[in-house]
Amino acid sequence: MSHPAFDAAGLVKFDLGSGTIRSTGEEPLALIPTDVVSMIEPSEDLDKAARRWGALHGGLLAEVLFDAEEPSNVDMLAEYLGGSLTTTGLGRLAIQIRGDALMFSITGGERTAVSPGRRALLAGFLAGYLEALGPAAFGVVHLSGEGSNDVFWAGNPDAARQIQSWLEQGLDPLSAVDRLAQGGDA
Amino acid sequence: MRTAEERRNMLEKLLERVRKNRSELEQARLAGPAPEPVVPEPIEPEPVEPVPEPEPEPEIVTEPEPVPEPVPEPEPEPEPVPEPEPEPEPEPEPEPEPVPAPVAKAEEATPETRTFEAPVEASGSVAQVEGEREKQWTIEAVLNRAWKLGSSGEA
């Protein structure tokens with residue numbers, strides 16, 4: 001393995017003397033129960049905050065990629081992004097690539113509260129994380145949810161709006177993804 | 001063995017005694033009512049034990065045999081009405097020959113889904129990743145291809 005492995009040990013630092021928790025970037029953190037997170041209603045502010053949160057974690061991988069001598073494979077994205085999601089208690093990650101479509105399957109624990117707020121938080125987190133890796137803006141759409149498992153699609157914002165529109169029309173999630181790959185034809 | 005003469009004598013004596021009796025009876029009838037005839041004492045018959053009459057045989061009451069109810073004669077079955085001959089079914093149209101599926105373009109075929117997982121151990125210090133390490137699966141290439149879907153410009 002040519003790249004440094006994801007190390008969760010340094011992600012959170014407890015400063016009991018000052019009563020603070022800090023990230024590796026010295027950013028103050030707060031531990032929030034997922035039940036509280038699930039009470040947050042989806043909104044632009046939530047999306048903005050979630051993107052900011054994801055960008056902080058994506059910055060860790062971006063530094064590794066910048067220093068890497070060779071291009072890193074997508075399994076490294078799975079390792080780092082998966083590590084961030086796991087250590088923050090957001091769930092377990094699996095990256096799914098269908099054709100060229102990029103999807104993220106995130107599974108929470110048994111007691112994970114399933115709510116629109118949690119899904120919006122995850123979508124914003126993923127978008128912010130991907131944006132931290134390059135110049136492009138990303139849109140993330142919640143494709144489907146079963147229990148505590150949620151599947152998201154990620155791509156350019158225009159395509160995200162198109163897929164969201166197809167889903168609202170009742171199109172099957174994977175059919176929507178495939179339809180986009182076929183140029184939007186029915 | 002008596003001789004014939006002896007037998008003739010005996011017969012004559014008998015005849016004379018009969019004549020004598022007959023004449024005495026005739027004289028008595030003419031003389032008056034006849035004396036009451038001596039009724040001989042009735043001879044009582046010996047008691048005979050009565051023979052018990054045989055008991056009448058008990059009548060054997062036999063239930064009358066059930067008379068079978070008259071079975072109604074079955075109604076004569078209606079004469080079968082000849083079913084109208086079914087109309088000849090139209091010959092099934094020959095199923096159209098399966099049209100061979102158009103050769104799907106590479107983009108239209110159901111794409112294969114590749115999964116990359118990153119199981120992180122509890123310590124968080126080691127992560128094992130399963131995935132292919134081909135050039136096309138670099139993070140940059142994957143993000144570029146995903147971003148270009150549904151867009152006309154470069155990322």
# chains A, B, ... in the order shown; residues from 1 in each chain; ligands from 1
>>> residues_around(residues="Ala141 of chain B", least_positions_apart="3", cutoff="10 Å", atoms="only C-alpha atoms", output="number ranges by chain")
A: 71-74, 100; B: 135-138, 144-147
>>> interface_residues(of="chain A", to="chain B", cutoff="9 Å", atoms="only C-alpha atoms", output="PDB file with C-alpha atoms, in the first residue's frame")
ATOM      1  CA  ALA A   5      -3.745   4.189   5.720  1.00  0.00           C
ATOM      2  CA  PHE A   6      -6.699   5.950   7.164  1.00  0.00           C
ATOM      3  CA  ASP A   7      -6.041   6.509  10.831  1.00  0.00           C
ATOM      4  CA  ALA A   8      -9.069   7.184  12.947  1.00  0.00           C
ATOM      5  CA  ALA A   9      -7.051   7.526  16.094  1.00  0.00           C
ATOM      6  CA  PRO A  71      -2.792   8.446  -8.702  1.00  0.00           C
ATOM      7  CA  SER A  72      -4.787   6.785  -5.993  1.00  0.00           C
ATOM      8  CA  ASN A  73      -7.482   4.301  -6.736  1.00  0.00           C
ATOM      9  CA  VAL A  74     -11.080   4.534  -5.733  1.00  0.00           C
ATOM     10  CA  ASP A  75     -10.547   2.027  -2.985  1.00  0.00           C
ATOM     11  CA  MET A  76      -8.651   4.764  -1.212  1.00  0.00           C
ATOM     12  CA  LEU A  77     -11.755   6.935  -1.414  1.00  0.00           C
ATOM     13  CA  ALA A  78     -13.699   4.054   0.088  1.00  0.00           C
ATOM     14  CA  GLU A  79     -11.117   3.777   2.821  1.00  0.00           C
ATOM     15  CA  TYR A  80     -10.983   7.436   3.778  1.00  0.00           C
ATOM     16  CA  LEU A  81     -14.586   8.387   3.255  1.00  0.00           C
ATOM     17  CA  GLY A  82     -15.664   5.168   4.901  1.00  0.00           C
ATOM     18  CA  GLY A  83     -13.349   5.889   7.790  1.00  0.00           C
ATOM     19  CA  THR A  86     -17.595   5.328  10.620  1.00  0.00           C
ATOM     20  CA  THR A  87     -15.736   7.451  13.134  1.00  0.00           C
ATOM     21  CA  ARG A  92     -20.814   2.102   7.184  1.00  0.00           C
ATOM     22  CA  LEU A  93     -19.922   2.882   3.586  1.00  0.00           C
ATOM     23  CA  ALA A  94     -19.871   0.943   0.357  1.00  0.00           C
ATOM     24  CA  ILE A  95     -19.096   2.711  -2.907  1.00  0.00           C
ATOM     25  CA  GLN A  96     -21.077   1.400  -5.844  1.00  0.00           C
ATOM     26  CA  ILE A  97     -20.116   2.261  -9.402  1.00  0.00           C
ATOM     27  CA  ARG A  98     -22.779   1.390 -11.971  1.00  0.00           C
ATOM     28  CA  GLY A  99     -21.409   2.116 -15.388  1.00  0.00           C
ATOM     29  CA  ASP A 100     -20.064   5.598 -14.820  1.00  0.00           C
ATOM     30  CA  ALA A 101     -22.604   6.414 -12.142  1.00  0.00           C
ATOM     31  CA  LEU A 102     -21.184   6.881  -8.668  1.00  0.00           C
ATOM     32  CA  LEU A 130     -16.348  15.210  -2.976  1.00  0.00           C
ATOM     33  CA  LEU A 133     -11.239  16.604  -3.698  1.00  0.00           C
ATOM     34  CA  GLY A 134     -11.451  18.798  -6.788  1.00  0.00           C
ATOM     35  CA  PRO A 135     -12.722  21.966  -8.405  1.00  0.00           C
ATOM     36  CA  ALA A 136     -16.131  20.658  -9.412  1.00  0.00           C
ATOM     37  CA  ALA A 137     -19.349  21.179  -7.484  1.00  0.00           C
ATOM     38  CA  PHE A 138     -21.293  18.044  -6.715  1.00  0.00           C
ATOM     39  CA  ALA A 154     -23.496  11.787  -6.818  1.00  0.00           C
ATOM     40  CA  GLY A 155     -22.785  13.808  -9.932  1.00  0.00           C
ATOM     41  CA  ASN A 156     -22.980  17.274 -11.379  1.00  0.00           C
ATOM     42  CA  PRO A 157     -25.713  19.488  -9.906  1.00  0.00           C
ATOM     43  CA  ASP A 158     -27.743  19.701 -13.128  1.00  0.00           C
ATOM     44  CA  ALA A 159     -27.879  15.947 -13.463  1.00  0.00           C
ATOM     45  CA  ALA A 160     -28.786  15.721  -9.770  1.00  0.00           C
ATOM     46  CA  GLN A 162     -32.778  15.785 -13.329  1.00  0.00           C
ATOM     47  CA  ASP A 178     -29.488   4.236 -16.121  1.00  0.00           C
ATOM     48  CA  ARG A 179     -31.651   6.740 -17.944  1.00  0.00           C
ATOM     49  CA  LEU A 180     -29.197   9.452 -17.193  1.00  0.00           C
ATOM     50  CA  ALA A 181     -26.386   7.277 -18.510  1.00  0.00           C
ATOM     51  CA  GLN A 182     -28.361   6.853 -21.744  1.00  0.00           C
ATOM     52  CA  GLY A 183     -28.543  10.581 -22.236  1.00  0.00           C
ATOM     53  CA  GLY A 184     -31.911  11.081 -20.582  1.00  0.00           C
TER      54      GLY A 184
END
>>> select_by_dssp(residues="segment 106-176 of chain A", states="helix (DSSP H, G or I)", output="ChimeraX atom specification")
/A:116-131,157-168,173-176
>>> select_by_dssp(residues="segment 76-132 of chain A", states="strand (DSSP E or B)", output="PyMOL selection string")
chain A and resi 92-98+101-107
>>> residues_around(residues="Ala120 of chain A", least_positions_apart="2", cutoff="10 Å", atoms="only C-alpha atoms", output="ChimeraX atom specification")
/A:38,40-44,46-47,50,115-118,122-126,140-142
>>> closest_residue(among="A:Gly54, A:Gly10, A:Gly139, A:Pro33", to="Arg111 of chain A", atoms="only C-alpha atoms")
A:Pro33
>>> atom_distance(atom1="atom CA of Gly59 of chain A", atom2="atom CA of Gly108 of chain A")
23.4 Å
